[in-house]
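S.K.: Submitted below is the structure of interest, expressed as structure tokens.
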Amino acid sequence: MIEYESLAQANRALMEELEAVASRVIRSGWYILGNEVSSFEAEFAAFAESKHCISVANGLDALILSIEALDLPKGSEIMVASNTYIATILAILRAGHKPVLVEPERETFNIDPERLPAALTRHTQAICVTHLFGKACRMTEIAAFASEHGLKVIEDCAQSHGARYDDKLTGTFGIAGCFSFYPTKNLGALGDAGAIVTDDEDFADRLRHMRNYGSKKKYENVYIGVNSRLDEMQAAFLRVKLRYLDQVTEHKRALADIYFDNLPKWLAQPLRRPAEYDVFHIFGIRHPARDELRRWLLDNGVKTEIHYPIAPHRQKAMQGILSGDYPIADELHATELSLPISAGHSRDEIERVCNLLAALPENLKLAA
């Protein structure tokens with residue numbers, strides 16, 4: 001069986017280093033906002049080509065705190081992709097604002113810049129883009145539109161560590177880039193973890209207060225904050241794994257090349273553009289008979305995933321909140337299938353997946 005992902009396998013090569021830093025943190029006696037956190041923040045800021053990194057407890061908190069730190073009028077409208085992972089929409093709602101859904105490009109799954117003008121109203125204050133699957137959104141066009149209309153840009157980079165557009169890193173186009181280090185990410189902790197990068201010093205200072213009860217100095221509270229701090233243990237693990245992130249990215253890009261070179265051409269595959277450097281957190285294909293294809297692959301020894309089976313506007317929790325019809329989002333959520341592409345996969349395993357798809361039964365071929 002080819003697993004979709006095995007975290008144990010992916011982390012096995014780093015086990016000695018991870019165990020060593022775990023021991024170091026335990027023996028230090030300092031577990032919150034210590035040297036491991038400050039060192040990781042400096043190292044990740046350098047990686048992200050940003051002046052500041054503010055670590056937090058998880059990726060959702062990174063989004064919520066960044067949107068709150070914009071200090072927008074309550075109830076402001078924030079544009080967001082209609083097919084984004086639900087966290088991006090939850091962050092807008094938790095910050096007290098209104099998500100306005102904008103349809104994506106079918107070929108990339110990312111928000112379509114050409115649809116932004118139609119969604120603009122006098123209440124629009126910001127755009128929250130999600131770089132889905134490790135592919136950067138068309139940020140040059142999005143940033144130009146935002147600048148023209150005085151909108152803030154928040155980037156959800158939970159799946160795009162190291163991805164670029166026009167040779168510029170995701171997370172550096174707007175006022176804030178929000179990262180998740182959930183264990184399955186290209187840079188994954190061994191638990192929940194997140195961070196925000198920014199070049200804006202005042203914004204960074206506000207975030208450092210907000211993540212820690214609104215305080216930077218003990219018992220002095222400047223803002224109404226929360227408790228969202230990256231702990232020393234996860235910071236230590238991330239410092240180890242950050243050193244190997246470029247290696248992980250190149251491995252996943254090499255696996256993606258195998259897919260591109262060997263998958264049958266009738267199968268809808270990710271779109272590659274010269275201006276984009278994809279990091280392939282997810283390799284998502286599309287097939288009209290997605291569920292049947294998934295069952296056939298499983299029966300033949302390949303596990304897959306779906307990102308994501310239910311569109312945000314179809315979620316029970318969003319009824320009465322998200323209104324309107326979003327046929328492109330519906331189509332993508334009904335047809336997307338994620339093939340194995342992790343740090344723990346070998347080239348041979350990916351070639352086996354390709355060979356299997358090349359031998360797809362005729363009825364599934366015809367469905368495509």
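Here, A, B, ... name the chains of the structure tokens in the order displayed, residue numbers run from 1 inside each chain, and ligands are numbered from 1 in the same displayed order.
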Mind listing the strand (DSSP E or B) residues of region 75-310 of chain A, per DSSP on the backbone, as a PyMOL selection string?
M.R.: chain A and resi 77-81+98-102+104+111+124-130+152-156+164-165+168-169+176-180+194-198+212+217+220+227+231+268+276-277+283-286+302+305
S.K.: Can you write out as JSON lines which residues of region 217-277 of chain A fall within 10 Å of region 352-361 of chain A, alongside each residue's closest atom pair and its distance in Å to one decimal, counting only C-alpha atoms and ordering rows by chain and ascending residue number?
M.R.:
{"residue": "A:Ile258", "atom": "CA", "partner": "A:Cys354", "partner_atom": "CA", "distance": 8.1}
{"residue": "A:Tyr259", "atom": "CA", "partner": "A:Cys354", "partner_atom": "CA", "distance": 6.5}
{"residue": "A:Phe260", "atom": "CA", "partner": "A:Cys354", "partner_atom": "CA", "distance": 9.4}
{"residue": "A:Asp261", "atom": "CA", "partner": "A:Cys354", "partner_atom": "CA", "distance": 9.2}
{"residue": "A:Asn262", "atom": "CA", "partner": "A:Cys354", "partner_atom": "CA", "distance": 5.9}
{"residue": "A:Leu263", "atom": "CA", "partner": "A:Cys354", "partner_atom": "CA", "distance": 5.4}
{"residue": "A:Pro264", "atom": "CA", "partner": "A:Ala358", "partner_atom": "CA", "distance": 5.9}
{"residue": "A:Lys265", "atom": "CA", "partner": "A:Ala358", "partner_atom": "CA", "distance": 9.7}
{"residue": "A:Leu267", "atom": "CA", "partner": "A:Leu357", "partner_atom": "CA", "distance": 9.2}
S.K.: With a distance cut-off of 10 Å and only C-alpha atoms, select the neighbouring residues of Asp291 (chain A), excluding the residue or stretch itself and same-chain residues fewer than 6 positions from it, and output the selection as number ranges by chain.
M.R.: A: 297, 306, 334-337
S.K.: Which residues, written as a list in words, have at least one atom at most 10 Å from Leu63 (chain A), with only C-alpha atoms counted and residues fewer than 6 positions away on the same chain left out?
M.R.: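 Counting only C-alpha atoms, the residues come to Ala69, Ala87, Thr88, Ile89, Leu90, Ala91, Ile92, Arg94, Ala95, Cys128, Ile154, Glu155, Asp156, Cys157, Ala158, Ala176, Gly177, Cys178, Phe179, Ser180, Gly194, Ala195 and Ile196 of chain A.
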S.K.: Can you pull out the residues contacting Gln159 (chain A)? Cut-off 7 Å, using only C-alpha atoms, and skip same-chain residues under 6 positions away; I want them as a list in words.
M.R.: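 Returned residues: His131, Leu132, Phe133, Gly134, Lys185 and His281 of chain A.
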S.K.: Using only C-alpha atoms, which protein or nucleic acid residues come within 7 Å of Leu255 (chain A)? Drop anything in the same chain fewer than 5 positions from it, and give the result as a compact mmCIF listing (two decimals) with all heavy atoms, in the first residue's frame.
M.R.:
# COMPACT_ATOMS: atom_id res chain seq x y z
N ILE A 341 2.39 12.84 -2.49
CA ILE A 341 3.57 13.64 -2.84
C ILE A 341 4.17 14.22 -1.56
O ILE A 341 4.10 15.43 -1.32
CB ILE A 341 3.23 14.74 -3.87
CG1 ILE A 341 4.51 15.45 -4.36
CG2 ILE A 341 2.20 15.72 -3.31
CD1 ILE A 341 4.34 16.34 -5.56
N ARG A 347 10.77 8.09 -5.41
CA ARG A 347 10.49 8.22 -6.84
C ARG A 347 9.80 6.96 -7.37
O ARG A 347 8.88 7.06 -8.20
CB ARG A 347 11.80 8.48 -7.60
CG ARG A 347 12.50 9.78 -7.22
CD ARG A 347 13.84 9.92 -7.95
NE ARG A 347 13.64 10.01 -9.37
CZ ARG A 347 13.48 11.15 -10.04
NH1 ARG A 347 13.47 12.30 -9.40
NH2 ARG A 347 13.32 11.15 -11.36
N ILE A 350 6.06 7.02 -6.70
CA ILE A 350 5.31 7.93 -7.56
C ILE A 350 5.22 7.37 -8.98
O ILE A 350 4.18 7.49 -9.65
CB ILE A 350 5.96 9.33 -7.56
CG1 ILE A 350 6.05 9.87 -6.13
CG2 ILE A 350 5.18 10.28 -8.46
CD1 ILE A 350 4.75 9.82 -5.34
S.K.: Give me, as a ChimeraX atom specification, the residues of region 8-146 of chain A that a backbone DSSP run labels alpha helix (DSSP H).
M.R.: /A:8-12,15-28,35-47,59-69,86-94,116-119,139-146
S.K.: Rounded to one decimal place, report the CA of Ile78 (chain A)-CA of Pro99 (chain A) distance in Å.
M.R.: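 Those two atoms sit 5.1 Å apart.
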